[in-house]
Amino acid sequence: MEDKIRILLPEDEVDARVEEIGKQISADYAGKAVHLICILKGGVFFTCELAKRITVPVSLDFMCVSSYGAGTKSSGIVKIVKDLDEPLDGKHVLIVEDIIDSGRTLSYLTEVLKQRGPADIKICTLLDKPSRRVKKEVKVDYTCFSIPDEFVVGYGLDYDQKYRNLPYIGVVEV
């Protein structure tokens with residue numbers, strides 16, 4: 001049985017907003033290089049599209065982190081499954097996420113990465129669910145869209161490993 005997907009953000013709207021954020025990042029990092037850290041797996045689609053729209057020099061690395069907990073709720077315990085390949089010393093780091101809800105993972109990750117000597121760390125997300133935020137100290141520097149507390153798929157986000165390749169953001173309706 002196929003799931004019903006309601007379009008929340010159509011492809012053209014997502015593309016236009018990623019273009020805007022790319023221009024904003026390019027202006028903010030003018031004269032500098034930016035080191036993107038893509039949070040796998042969901043962040044890869046957004047990171048690639050964003051990187052194509054940034055006009056300053058870009059380098060790229062990947063991390064995979066996991067929050068363990070029962071069911072769909074994070075326990076707040078974060079495990080680094082795949083660490084970075086390169087050091088961060090002196091780099092202008094931009095963590096790129098697909099979606100932020102509780103903020104627990106990013107709060108932990110930011111603290112870990114600060115200890116690696118970057119010039120600075122900023123956060124960029126495709127989607128933000130501010131109503132779910134537990135870690136209020138997580139400062140998101142670039143947000144494409146704030147969305148309601150709904151289960152979304154597409155543009156890298158999945159439901160049981162399905163729907164990552166949708167070119168839009170949709171809501172799984174039960």
# chains A, B, ... in the order shown; residues from 1 in each chain; ligands from 1
>>> residues_around(residues="A:Ile121", least_positions_apart="6", cutoff="9 Å", atoms="only C-alpha atoms", output="list of chain:residue names")
A:Lys91, A:His92, A:Val93, A:Leu94, A:Ile95, A:Thr110, A:Leu113, A:Lys114
>>> residues_around(residues="A:Pro148", least_positions_apart="4", cutoff="9 Å", atoms="only C-alpha atoms", output="count of residues only")
4
>>> residues_around(residues="A:Asp85", least_positions_apart="3", cutoff="10 Å", atoms="only C-alpha atoms", output="number ranges by chain")
A: 60-63, 82, 88
>>> atom_distance(atom1="atom CA of A:Cys48", atom2="atom CA of A:Val18")
10.5 Å
>>> residues_around(residues="stretch 159-173 of chain A", least_positions_apart="5", cutoff="8 Å", atoms="only C-alpha atoms", output="list in words")
Asp3, Lys4, Ile5, Arg6, Ile7, Leu8, Leu9, Pro10, Glu11, Val14, Gly42, Glu150, Phe151, Val152, Val153 and Gly154 of chain A
>>> atom_distance(atom1="atom CA of A:Arg53", atom2="atom CA of A:Ala30")
13.7 Å
>>> closest_atom_pairs(of="stretch 95-141 of chain A", to="stretch 34-37 of chain A", cutoff="10 Å", atoms="only C-alpha atoms", output="tab-separated table")
residue	atom	partner	partner_atom	distance
A:Ile95	CA	A:Ile37	CA	4.7
A:Val96	CA	A:Ile37	CA	5.8
A:Glu97	CA	A:Ile37	CA	8.6
A:Pro118	CA	A:His35	CA	9.7
A:Ile121	CA	A:His35	CA	9.5
A:Lys122	CA	A:Leu36	CA	9.7
A:Ile123	CA	A:Ile37	CA	9.5
A:Cys124	CA	A:Leu36	CA	9.5
>>> write_last_selection(atoms="N, CA, C and O atoms", output="PDB file, in the first residue's frame")
ATOM      1  N   ILE A  95      27.560  24.070   9.195  1.00  0.00           N
ATOM      2  CA  ILE A  95      26.885  22.778   9.321  1.00  0.00           C
ATOM      3  C   ILE A  95      25.599  22.848   8.525  1.00  0.00           C
ATOM      4  O   ILE A  95      24.800  23.774   8.710  1.00  0.00           O
ATOM      5  N   VAL A  96      25.379  21.872   7.628  1.00  0.00           N
ATOM      6  CA  VAL A  96      24.193  21.874   6.775  1.00  0.00           C
ATOM      7  C   VAL A  96      23.316  20.679   7.137  1.00  0.00           C
ATOM      8  O   VAL A  96      23.735  19.526   7.021  1.00  0.00           O
ATOM      9  N   GLU A  97      22.118  20.979   7.589  1.00  0.00           N
ATOM     10  CA  GLU A  97      21.143  19.976   8.040  1.00  0.00           C
ATOM     11  C   GLU A  97      19.916  19.984   7.144  1.00  0.00           C
ATOM     12  O   GLU A  97      19.572  21.019   6.577  1.00  0.00           O
ATOM     13  N   PRO A 118      37.869  25.480  14.725  1.00  0.00           N
ATOM     14  CA  PRO A 118      37.448  26.252  13.551  1.00  0.00           C
ATOM     15  C   PRO A 118      37.466  27.751  13.859  1.00  0.00           C
ATOM     16  O   PRO A 118      37.421  28.157  15.019  1.00  0.00           O
ATOM     17  N   ILE A 121      31.658  28.675  13.616  1.00  0.00           N
ATOM     18  CA  ILE A 121      30.688  27.650  13.216  1.00  0.00           C
ATOM     19  C   ILE A 121      29.322  28.307  13.096  1.00  0.00           C
ATOM     20  O   ILE A 121      28.882  29.008  14.013  1.00  0.00           O
ATOM     21  N   LYS A 122      28.680  28.065  11.968  1.00  0.00           N
ATOM     22  CA  LYS A 122      27.302  28.509  11.768  1.00  0.00           C
ATOM     23  C   LYS A 122      26.483  27.302  11.332  1.00  0.00           C
ATOM     24  O   LYS A 122      27.034  26.277  10.922  1.00  0.00           O
ATOM     25  N   ILE A 123      25.160  27.465  11.411  1.00  0.00           N
ATOM     26  CA  ILE A 123      24.241  26.377  11.074  1.00  0.00           C
ATOM     27  C   ILE A 123      23.273  26.827   9.998  1.00  0.00           C
ATOM     28  O   ILE A 123      22.720  27.932  10.062  1.00  0.00           O
ATOM     29  N   CYS A 124      23.069  25.950   9.012  1.00  0.00           N
ATOM     30  CA  CYS A 124      22.107  26.182   7.941  1.00  0.00           C
ATOM     31  C   CYS A 124      21.191  24.974   7.871  1.00  0.00           C
ATOM     32  O   CYS A 124      21.654  23.828   7.881  1.00  0.00           O
TER      33      CYS A 124
END
>>> closest_residue(among="A:Thr125, A:Leu109, A:Arg132, A:Glu86", to="A:Cys144", atoms="only C-alpha atoms")
A:Thr125
>>> select_by_dssp(residues="chain A", states="strand (DSSP E)", output="ChimeraX atom specification")
/A:4-9,34-40,58-68,77-82,92-100,120-128,142-146,152-153,169-173
>>> closest_residue(among="A:Arg17, A:Leu126, A:Lys79, A:Glu111", to="A:Ile147", atoms="only C-alpha atoms")
A:Leu126
>>> select_by_dssp(residues="stretch 42-154 of chain A", states="helix (DSSP H, G or I)", output="list in words")
Gly43, Val44, Phe45, Phe46, Thr47, Cys48, Glu49, Leu50, Ala51, Lys52, Arg104, Thr105, Leu106, Ser107, Tyr108, Leu109, Thr110, Glu111, Val112, Leu113, Lys114, Pro130, Ser131 and Arg132 of chain A
>>> atom_distance(atom1="atom CA of A:Ser66", atom2="atom CA of A:Asp149")
20.6 Å
>>> closest_residue(among="A:Thr143, A:Ser59, A:Gln24, A:Gln115", to="A:Ile100", atoms="only C-alpha atoms")
A:Thr143
